[in-house]
Amino acid sequence: MREILIRFDGVEKVYAAGAGSVRAVDHLDLGILRGEFLTLTGPSGSGKSTVLNLMAGLDSPTAGEITIDGQRLAAMSDDALTIFRRRKLGIIFQFFNLLPTLTAAENVALPLRADRRPRAEIAERVAAALGAVAMGHRARHRPAELSGGEMQRVAIARALVIDPIVLLADEPTGNLDSKMGQEILELVKGMSERTGVTVVLVTHDLRAAAYGDRMITLRDGRIIDEVTGPRHETVHHA
Amino acid sequence: MRPRPQPRSSGVTGAPESGVIALFFTVSLPYLRAHAGRILLTLLGVIIGVQGMVAMGALNRSIIASFEAGLEAIAGDARLQIAGAETGIPDTLAEEALRVPGVTSAVAVVDGSLTAASDPSLRIRTFGIDLLGMVGTRSPQFPREHVHIPDELRFVNALDSIALGTPLLERLGVAVGDTVRLATPSGVRSYVVRGTLDDFGPTKLYGGLVALLDLPAAEDVFLSPGLAQTIFIHGDPAVDTDTLATRLRTAIGDRARVERTEARGQQMDALLGSIRIALALASLVTMITAFFIIYETITISIEQRRREIAVTRSLGFTRRAIAGVFVLESLLLGLLGAAGGVAGGYLLARLSLATAVAGVSGMYFTVAPGEVSLPLRETLVAIGLGILVCIAAGIAPALGAAREPVAPVLRSARGARTTTRSPWSPGRGLAAIIAALVVFMADLRLPTAGAKTAWIILGHALFLFGMAFLAPGFVRAASLLAAWVGSRADLTVSLATDFFVRQPRRVAAAASAIMVGYTLVVVLGAVVHSINATLSAWLYRTFGAEISVGTSPGLSSASFDPGLAEDLRRLPGVGSVEIYRKKLFIYGDRPVVIAAFDRANRPDGNPLLLVAAAANAYEDAARGDAVMVSESFAFRYGAGLGAALDLDTPSGRRSFRIVGIARDYTMDVGTILVDIDVYRELWRDARLTYAHVWPAPGADVAALREVVNRAAHDDPNVTVVTNAEFRSEVEARIGDLLRVLGSLQVFACAVAVLGVVNFVLAALLDRRREIAVLRSVGLTASELGRIIMTEGAMVGAVGAGVGLIAGIPASYFMVKHSMLVAMGWSLDFRFPVVLALTTLVAITIAAALAAYFPARHITRGAILAGLEME
């Protein structure tokens, strides 16, 4: 039986909004297994992106506890959280977020360089990551010279180059046409099966959501539905 | 019935003015409010520039006004004066003047300064007036009702009689009838207080620290019996001034000058010329610095609002309105900056006045401490210049904004990179530098300080702007180097160079401001080092003797009795005593120095540092028909070897031939060098300024110094220094100047901080998304902070580097051209290598530190907010 890699215990996130407040995540209890491909779906404003941001440490909960690989995110300092993120979490954004003046290879190398890995190791891993997303031939091109799908592939390579334990993808196909989007999803799915990396994918597209082993639907910050696929093991919530 | 004409739709004709105003309130004001911090920093640059000019003008005006007030207090409402060599004119000219038709009174005056023997710091302005001649006559300077002398006959009959201002009595703790000891040019003398002066006229002007002597007593102290300094002429109002002057000139001939009373003020104004030029140059530099800081700010603000500009254009605002609103922003900056500069300049002048008055009084002429007033013309010029600089800095970016293409900007998420022509162009830069070279190489002898200032400023401004126009080229070259380094360096340097190379125009604007500040330091450093090298050689030649006995430096220094030199000659161990005299002299209505040298008693027979001389020059000078002149005199008056020189002496007008050009840095107004014996005969002045003691072979210098000390003991005006002490004093003065350079380094660093903070704040705002991405992929806040600080350091280093490239030729031109134009001095060029390098390092460090707080603020912001930015 696989262990729980990511755990949400009573997590809340409340934003101030004008005179009142918005409860983006409402007492969420969630467990994600190591190696699982989880998709989060729901209408706009359901809190799915918020959950992903909390998982990535890009935002902090108002209440509750988030634990990844046995480490409590709340217990980490900002620097420790950043270092944890660059070593263990790969993030893919909807708008790619590549640095415009760096080449594809240089963008992919960023987290490794931040971690001060040796040059030879960086070169080898970047080449492997770009190869895995079929972008090795475009290593020297800058984002302005790439199509949307190619930019997203580079972004995926950047996320995978660190051998993450978790891959977080926030609407990775939201800025792509359907054909490119499908290619990206196939790529992510393939990575998940080959490497066993845990994937959490946020999407509003049900076809994309179907790629996961388990699909959780959120509304108003709460889980309203959960659908499992044939590979899924039951998660026991405490 | 004819149809009434339809009113034209305002939407068709438009009203550009309302477009500009509407844009200002919708686009400009919100931006200015949101970036108040950066705008304030920019304003600071303008304020500093305007403040410097206002303070300079106020100080200069205040000092001259104080001097003129002093003149007015002495001259009263006299329209004309008779004056001559500073060594005096016959007081009998007053009686002759009274016989000229139209002259109603002729008052001979002697004025100088004494000090209290018990307190040498207490300077007493002392006047000598013919009180006997004033019997029954009103004296405008000291009206009878304000001068209280119980026994007037006793007063005029005793040479030791003195009247003191009431505050001075209190200060000295004496009363009428008491004796007071005062240090005079001829030694300490005792005076008996036989009168008091009310707080009126000169007494009031000098704060009551005034003494009055009868004319013969004053002549005896300051000049020689029978010689006065000035005779003030009052005339019949029915006779116009020029007619009266002509009549007086006919009567007096060439024994003295007849001039309007304000001429003295103008002559004194000329003495301050070189100081004004130096201050004007410093103000120029701050103005140019402000220009680049404003240009940088406006450029950045336009880039950040590119999308808003495109939207407003798409909604119907004209190009003119777009350009107009940014010019309006520049104007607003200029007005606010000018207002702040005027207030700051006034305060600065008030704080500096006492120091300035003390300096001028010590070096040139005694000035009463007055009030600071803002001269209207100079203040308006400073305000106008500040506003002009702001508008000039904003025009190019404003026109660029108006020409921005609309559609590409609206299509792009972040706004397309502008394709409009940049004002930075190598062609313009080279043209400006060539124009500067033309200015520097032009051989001009300009008559007034104002003209000199304008010419020097023109040359240096052209050069600095030329270098600024070339700055993007230097930045690109630096970028290539940085990219090469970055590709081989760690992430911090690599990303810093990536940020650095992205916006060469913005970097160039910040670097140009830093360049100007750096160049100022290096140029002034070169001037100080060059003066040090050249002046030292002259000083050590002039003061080459082992022991020198003399008065304090400066034209207001006293002189001493020649008997002291005779006493020194008789001392055991003395080989020879070389004497020297210097005085202010009026040549062609302009002040120069007349200096008398003593070749006969100089062991090496070569008292002057001659750069050009006719054969037997010293012999010709000794014969009395030739003189030498200083380089500055030769330059200013176009008087070379062999030229004729006519001088008005107390013995009449005499013609001389110039047989030598010497280096002499007594004053920048120029020096005429005369053989001492010729001087004594023609100027009837035996008093001395220095006596240089050359020891006999084998004499013990220390023992000789003791002996000389004892001989000079009785005269409080003289000091005795050894050659070693003199050199040490010179080096200390140079050290003071070098410390001033240290404060200028602080200014240069402050400019760097301003420029870099402006640059970094704007750059970080534009890069919030990138910064958020970097944080999301794993760079910590402190790692990002180091990257931004490294980038700041690179901007500072490039600015200082360009400044170094500009500073070398700029300092050469300043030393070899501008010093010649301003002061007539030719100097050996020395470049301050250590200063240049330490300033470069200091600016780089300051720039890195300047980036610290903006970096800290931005990198610790919410990551999500940055990621969500579009």
# chains A, B, ... in the order shown; residues from 1 in each chain; ligands from 1
call {"tool": "interface_residues", "arguments": {"of": "chain B", "to": "chain A", "cutoff": "12 Å", "atoms": "only C-alpha atoms", "output": "VMD selection string"}}
result
chain B and resid 413 to 414 483 487 to 495 497 to 503 767 to 784 787 859 to 870
call {"tool": "select_by_dssp", "arguments": {"residues": "range 48-149 of chain A", "states": "alpha helix (DSSP H)", "output": "PyMOL selection string"}}
result
chain A and resi 48-56+78-88+104-114+119-132+148-149
call {"tool": "residues_around", "arguments": {"residues": "range 679-691 of chain B", "least_positions_apart": "6", "cutoff": "7 Å", "atoms": "only C-alpha atoms", "output": "PyMOL selection string"}}
result
chain B and resi 87+548-551+559-562+565+577-582+596+649-651
call {"tool": "write_last_selection", "arguments": {"atoms": "N, CA and C atoms", "output": "PDB file, in the first residue's frame"}}
result
ATOM      1  N   THR B  87      49.645 102.113  -2.392  1.00  0.00           N
ATOM      2  CA  THR B  87      50.635 102.677  -1.477  1.00  0.00           C
ATOM      3  C   THR B  87      50.314 104.117  -1.116  1.00  0.00           C
ATOM      4  N   SER B 548      61.797  82.286   7.012  1.00  0.00           N
ATOM      5  CA  SER B 548      61.063  83.410   6.434  1.00  0.00           C
ATOM      6  C   SER B 548      60.344  84.163   7.527  1.00  0.00           C
ATOM      7  N   VAL B 549      60.467  85.486   7.442  1.00  0.00           N
ATOM      8  CA  VAL B 549      59.764  86.359   8.380  1.00  0.00           C
ATOM      9  C   VAL B 549      58.735  87.115   7.559  1.00  0.00           C
ATOM     10  N   GLY B 550      57.465  87.045   7.967  1.00  0.00           N
ATOM     11  CA  GLY B 550      56.492  87.733   7.156  1.00  0.00           C
ATOM     12  C   GLY B 550      55.131  87.814   7.793  1.00  0.00           C
ATOM     13  N   THR B 551      54.212  88.410   7.023  1.00  0.00           N
ATOM     14  CA  THR B 551      52.841  88.566   7.488  1.00  0.00           C
ATOM     15  C   THR B 551      51.988  87.459   6.878  1.00  0.00           C
ATOM     16  N   SER B 559      51.858  94.822   6.527  1.00  0.00           N
ATOM     17  CA  SER B 559      53.257  94.869   6.138  1.00  0.00           C
ATOM     18  C   SER B 559      54.048  95.218   7.382  1.00  0.00           C
ATOM     19  N   PHE B 560      55.336  95.146   7.283  1.00  0.00           N
ATOM     20  CA  PHE B 560      56.132  95.499   8.455  1.00  0.00           C
ATOM     21  C   PHE B 560      57.259  96.431   8.083  1.00  0.00           C
ATOM     22  N   ASP B 561      57.828  96.990   9.140  1.00  0.00           N
ATOM     23  CA  ASP B 561      58.842  98.045   8.975  1.00  0.00           C
ATOM     24  C   ASP B 561      60.132  97.463   8.392  1.00  0.00           C
ATOM     25  N   PRO B 562      60.754  98.152   7.442  1.00  0.00           N
ATOM     26  CA  PRO B 562      61.992  97.645   6.849  1.00  0.00           C
ATOM     27  C   PRO B 562      63.139  97.572   7.860  1.00  0.00           C
ATOM     28  N   ALA B 565      64.201  94.095   8.759  1.00  0.00           N
ATOM     29  CA  ALA B 565      65.119  93.419   7.836  1.00  0.00           C
ATOM     30  C   ALA B 565      66.565  93.831   8.107  1.00  0.00           C
ATOM     31  N   VAL B 577      69.665  88.644   3.681  1.00  0.00           N
ATOM     32  CA  VAL B 577      68.217  88.750   3.903  1.00  0.00           C
ATOM     33  C   VAL B 577      67.576  89.226   2.601  1.00  0.00           C
ATOM     34  N   GLU B 578      66.811  88.378   2.008  1.00  0.00           N
ATOM     35  CA  GLU B 578      66.132  88.700   0.736  1.00  0.00           C
ATOM     36  C   GLU B 578      64.759  89.253   1.072  1.00  0.00           C
ATOM     37  N   ILE B 579      64.484  90.473   0.670  1.00  0.00           N
ATOM     38  CA  ILE B 579      63.215  91.104   1.029  1.00  0.00           C
ATOM     39  C   ILE B 579      62.211  91.019  -0.129  1.00  0.00           C
ATOM     40  N   TYR B 580      60.953  91.211   0.211  1.00  0.00           N
ATOM     41  CA  TYR B 580      59.862  91.037  -0.771  1.00  0.00           C
ATOM     42  C   TYR B 580      58.690  91.888  -0.333  1.00  0.00           C
ATOM     43  N   ARG B 581      58.039  92.488  -1.327  1.00  0.00           N
ATOM     44  CA  ARG B 581      56.868  93.307  -1.023  1.00  0.00           C
ATOM     45  C   ARG B 581      55.782  93.002  -2.033  1.00  0.00           C
ATOM     46  N   LYS B 582      54.529  92.893  -1.603  1.00  0.00           N
ATOM     47  CA  LYS B 582      53.416  92.769  -2.560  1.00  0.00           C
ATOM     48  C   LYS B 582      52.257  93.627  -2.087  1.00  0.00           C
ATOM     49  N   ALA B 596      57.493  93.188  -5.521  1.00  0.00           N
ATOM     50  CA  ALA B 596      58.887  93.646  -5.665  1.00  0.00           C
ATOM     51  C   ALA B 596      59.820  92.550  -5.184  1.00  0.00           C
ATOM     52  N   THR B 649      52.519 105.521 -10.908  1.00  0.00           N
ATOM     53  CA  THR B 649      53.175 105.397  -9.613  1.00  0.00           C
ATOM     54  C   THR B 649      52.992 106.702  -8.852  1.00  0.00           C
ATOM     55  N   PRO B 650      53.250 106.683  -7.538  1.00  0.00           N
ATOM     56  CA  PRO B 650      53.188 107.947  -6.808  1.00  0.00           C
ATOM     57  C   PRO B 650      54.168 108.988  -7.343  1.00  0.00           C
ATOM     58  N   SER B 651      55.150 108.517  -8.090  1.00  0.00           N
ATOM     59  CA  SER B 651      56.115 109.439  -8.689  1.00  0.00           C
ATOM     60  C   SER B 651      55.707 109.848 -10.096  1.00  0.00           C
TER      61      SER B 651
END
call {"tool": "closest_residue", "arguments": {"among": "A:Glu193, A:Glu36, A:Glu145, A:Asp213", "to": "Glu226 in chain A", "atoms": "only C-alpha atoms"}}
result
A:Asp213
call {"tool": "residues_around", "arguments": {"residues": "Val372 in chain B", "least_positions_apart": "2", "cutoff": "10 Å", "atoms": "only C-alpha atoms", "output": "list in words"}}
result
Ala55, Ala58, Leu59, Asn60, Arg61, Ser62, Ile63, Ala65, Ser66, Tyr346, Leu347, Ala349, Arg350, Leu351, Ser352, Leu353, Pro369, Gly370, Leu374 and Pro375 of chain B
call {"tool": "closest_residue", "arguments": {"among": "B:Ile676, B:Leu571, B:Ala482, B:Leu23", "to": "Val327 in chain B", "atoms": "only C-alpha atoms"}}
result
B:Leu23
call {"tool": "closest_residue", "arguments": {"among": "A:Gly64, A:Gly42, A:Val202, A:Leu33", "to": "Leu168 in chain A", "atoms": "only C-alpha atoms"}}
result
A:Val202
call {"tool": "residues_around", "arguments": {"residues": "Lys48 in chain A", "least_positions_apart": "5", "cutoff": "9 Å", "atoms": "only C-alpha atoms", "output": "count of residues only"}}
result
14
call {"tool": "residues_around", "arguments": {"residues": "Thr241 in chain B", "least_positions_apart": "3", "cutoff": "12 Å", "atoms": "only C-alpha atoms", "output": "PDB file with N, CA, C and O atoms, in the first residue's frame"}}
result
ATOM      1  N   ALA B  78      29.261 110.656  -1.917  1.00  0.00           N
ATOM      2  CA  ALA B  78      30.268 111.163  -2.861  1.00  0.00           C
ATOM      3  C   ALA B  78      30.098 110.489  -4.208  1.00  0.00           C
ATOM      4  O   ALA B  78      29.924 109.293  -4.284  1.00  0.00           O
ATOM      5  N   ARG B  79      30.163 111.294  -5.272  1.00  0.00           N
ATOM      6  CA  ARG B  79      29.987 110.731  -6.606  1.00  0.00           C
ATOM      7  C   ARG B  79      31.311 110.265  -7.204  1.00  0.00           C
ATOM      8  O   ARG B  79      31.355 109.379  -8.032  1.00  0.00           O
ATOM      9  N   LEU B  80      32.354 110.955  -6.792  1.00  0.00           N
ATOM     10  CA  LEU B  80      33.660 110.653  -7.374  1.00  0.00           C
ATOM     11  C   LEU B  80      34.677 110.404  -6.270  1.00  0.00           C
ATOM     12  O   LEU B  80      34.482 110.824  -5.135  1.00  0.00           O
ATOM     13  N   GLN B  81      35.739 109.755  -6.646  1.00  0.00           N
ATOM     14  CA  GLN B  81      36.843 109.573  -5.718  1.00  0.00           C
ATOM     15  C   GLN B  81      38.149 109.719  -6.473  1.00  0.00           C
ATOM     16  O   GLN B  81      38.217 109.439  -7.692  1.00  0.00           O
ATOM     17  N   GLY B 102      33.005 123.434  -9.023  1.00  0.00           N
ATOM     18  CA  GLY B 102      31.988 122.387  -8.917  1.00  0.00           C
ATOM     19  C   GLY B 102      32.231 121.450  -7.768  1.00  0.00           C
ATOM     20  O   GLY B 102      31.335 120.691  -7.371  1.00  0.00           O
ATOM     21  N   VAL B 103      33.421 121.479  -7.186  1.00  0.00           N
ATOM     22  CA  VAL B 103      33.710 120.596  -6.039  1.00  0.00           C
ATOM     23  C   VAL B 103      33.312 121.333  -4.772  1.00  0.00           C
ATOM     24  O   VAL B 103      33.773 122.446  -4.527  1.00  0.00           O
ATOM     25  N   ILE B 233      35.016 112.958  -3.250  1.00  0.00           N
ATOM     26  CA  ILE B 233      34.644 114.265  -3.801  1.00  0.00           C
ATOM     27  C   ILE B 233      33.130 114.419  -3.794  1.00  0.00           C
ATOM     28  O   ILE B 233      32.412 113.557  -4.336  1.00  0.00           O
ATOM     29  N   HIS B 234      32.661 115.513  -3.175  1.00  0.00           N
ATOM     30  CA  HIS B 234      31.244 115.876  -3.289  1.00  0.00           C
ATOM     31  C   HIS B 234      31.160 117.068  -4.214  1.00  0.00           C
ATOM     32  O   HIS B 234      31.966 118.000  -4.126  1.00  0.00           O
ATOM     33  N   GLY B 235      30.188 117.043  -5.097  1.00  0.00           N
ATOM     34  CA  GLY B 235      30.112 118.108  -6.087  1.00  0.00           C
ATOM     35  C   GLY B 235      28.786 118.852  -6.034  1.00  0.00           C
ATOM     36  O   GLY B 235      27.809 118.400  -5.438  1.00  0.00           O
ATOM     37  N   ASP B 236      28.784 119.956  -6.713  1.00  0.00           N
ATOM     38  CA  ASP B 236      27.572 120.766  -6.874  1.00  0.00           C
ATOM     39  C   ASP B 236      26.587 119.943  -7.703  1.00  0.00           C
ATOM     40  O   ASP B 236      26.930 119.491  -8.807  1.00  0.00           O
ATOM     41  N   PRO B 237      25.374 119.732  -7.223  1.00  0.00           N
ATOM     42  CA  PRO B 237      24.404 118.945  -8.011  1.00  0.00           C
ATOM     43  C   PRO B 237      24.160 119.511  -9.394  1.00  0.00           C
ATOM     44  O   PRO B 237      23.752 118.794 -10.301  1.00  0.00           O
ATOM     45  N   ALA B 238      24.417 120.783  -9.580  1.00  0.00           N
ATOM     46  CA  ALA B 238      24.170 121.377 -10.892  1.00  0.00           C
ATOM     47  C   ALA B 238      25.226 120.958 -11.908  1.00  0.00           C
ATOM     48  O   ALA B 238      25.035 121.103 -13.117  1.00  0.00           O
ATOM     49  N   LEU B 244      32.541 117.067 -13.959  1.00  0.00           N
ATOM     50  CA  LEU B 244      33.353 117.250 -12.755  1.00  0.00           C
ATOM     51  C   LEU B 244      34.589 116.378 -12.819  1.00  0.00           C
ATOM     52  O   LEU B 244      35.705 116.801 -12.471  1.00  0.00           O
ATOM     53  N   ALA B 245      34.407 115.120 -13.269  1.00  0.00           N
ATOM     54  CA  ALA B 245      35.542 114.201 -13.358  1.00  0.00           C
ATOM     55  C   ALA B 245      36.586 114.738 -14.335  1.00  0.00           C
ATOM     56  O   ALA B 245      37.797 114.679 -14.069  1.00  0.00           O
ATOM     57  N   THR B 246      36.135 115.269 -15.452  1.00  0.00           N
ATOM     58  CA  THR B 246      37.073 115.819 -16.446  1.00  0.00           C
ATOM     59  C   THR B 246      37.878 116.963 -15.854  1.00  0.00           C
ATOM     60  O   THR B 246      39.093 117.079 -16.037  1.00  0.00           O
ATOM     61  N   ARG B 247      37.168 117.825 -15.141  1.00  0.00           N
ATOM     62  CA  ARG B 247      37.866 118.977 -14.529  1.00  0.00           C
ATOM     63  C   ARG B 247      38.915 118.506 -13.528  1.00  0.00           C
ATOM     64  O   ARG B 247      40.034 119.032 -13.473  1.00  0.00           O
ATOM     65  N   LEU B 248      38.554 117.494 -12.738  1.00  0.00           N
ATOM     66  CA  LEU B 248      39.503 116.985 -11.742  1.00  0.00           C
ATOM     67  C   LEU B 248      40.717 116.352 -12.419  1.00  0.00           C
ATOM     68  O   LEU B 248      41.858 116.518 -11.970  1.00  0.00           O
ATOM     69  N   VAL B 258      40.959 109.518 -11.228  1.00  0.00           N
ATOM     70  CA  VAL B 258      39.650 110.036 -10.839  1.00  0.00           C
ATOM     71  C   VAL B 258      38.623 109.048 -11.355  1.00  0.00           C
ATOM     72  O   VAL B 258      38.603 108.733 -12.551  1.00  0.00           O
ATOM     73  N   GLU B 259      37.795 108.532 -10.493  1.00  0.00           N
ATOM     74  CA  GLU B 259      36.824 107.508 -10.921  1.00  0.00           C
ATOM     75  C   GLU B 259      35.554 107.649 -10.109  1.00  0.00           C
ATOM     76  O   GLU B 259      35.541 108.276  -9.041  1.00  0.00           O
ATOM     77  N   ARG B 260      34.531 107.046 -10.609  1.00  0.00           N
ATOM     78  CA  ARG B 260      33.266 107.035  -9.870  1.00  0.00           C
ATOM     79  C   ARG B 260      33.442 106.142  -8.635  1.00  0.00           C
ATOM     80  O   ARG B 260      34.208 105.184  -8.652  1.00  0.00           O
ATOM     81  N   THR B 261      32.709 106.431  -7.595  1.00  0.00           N
ATOM     82  CA  THR B 261      32.903 105.699  -6.343  1.00  0.00           C
ATOM     83  C   THR B 261      32.545 104.219  -6.480  1.00  0.00           C
ATOM     84  O   THR B 261      33.124 103.376  -5.805  1.00  0.00           O
TER      85      THR B 261
END
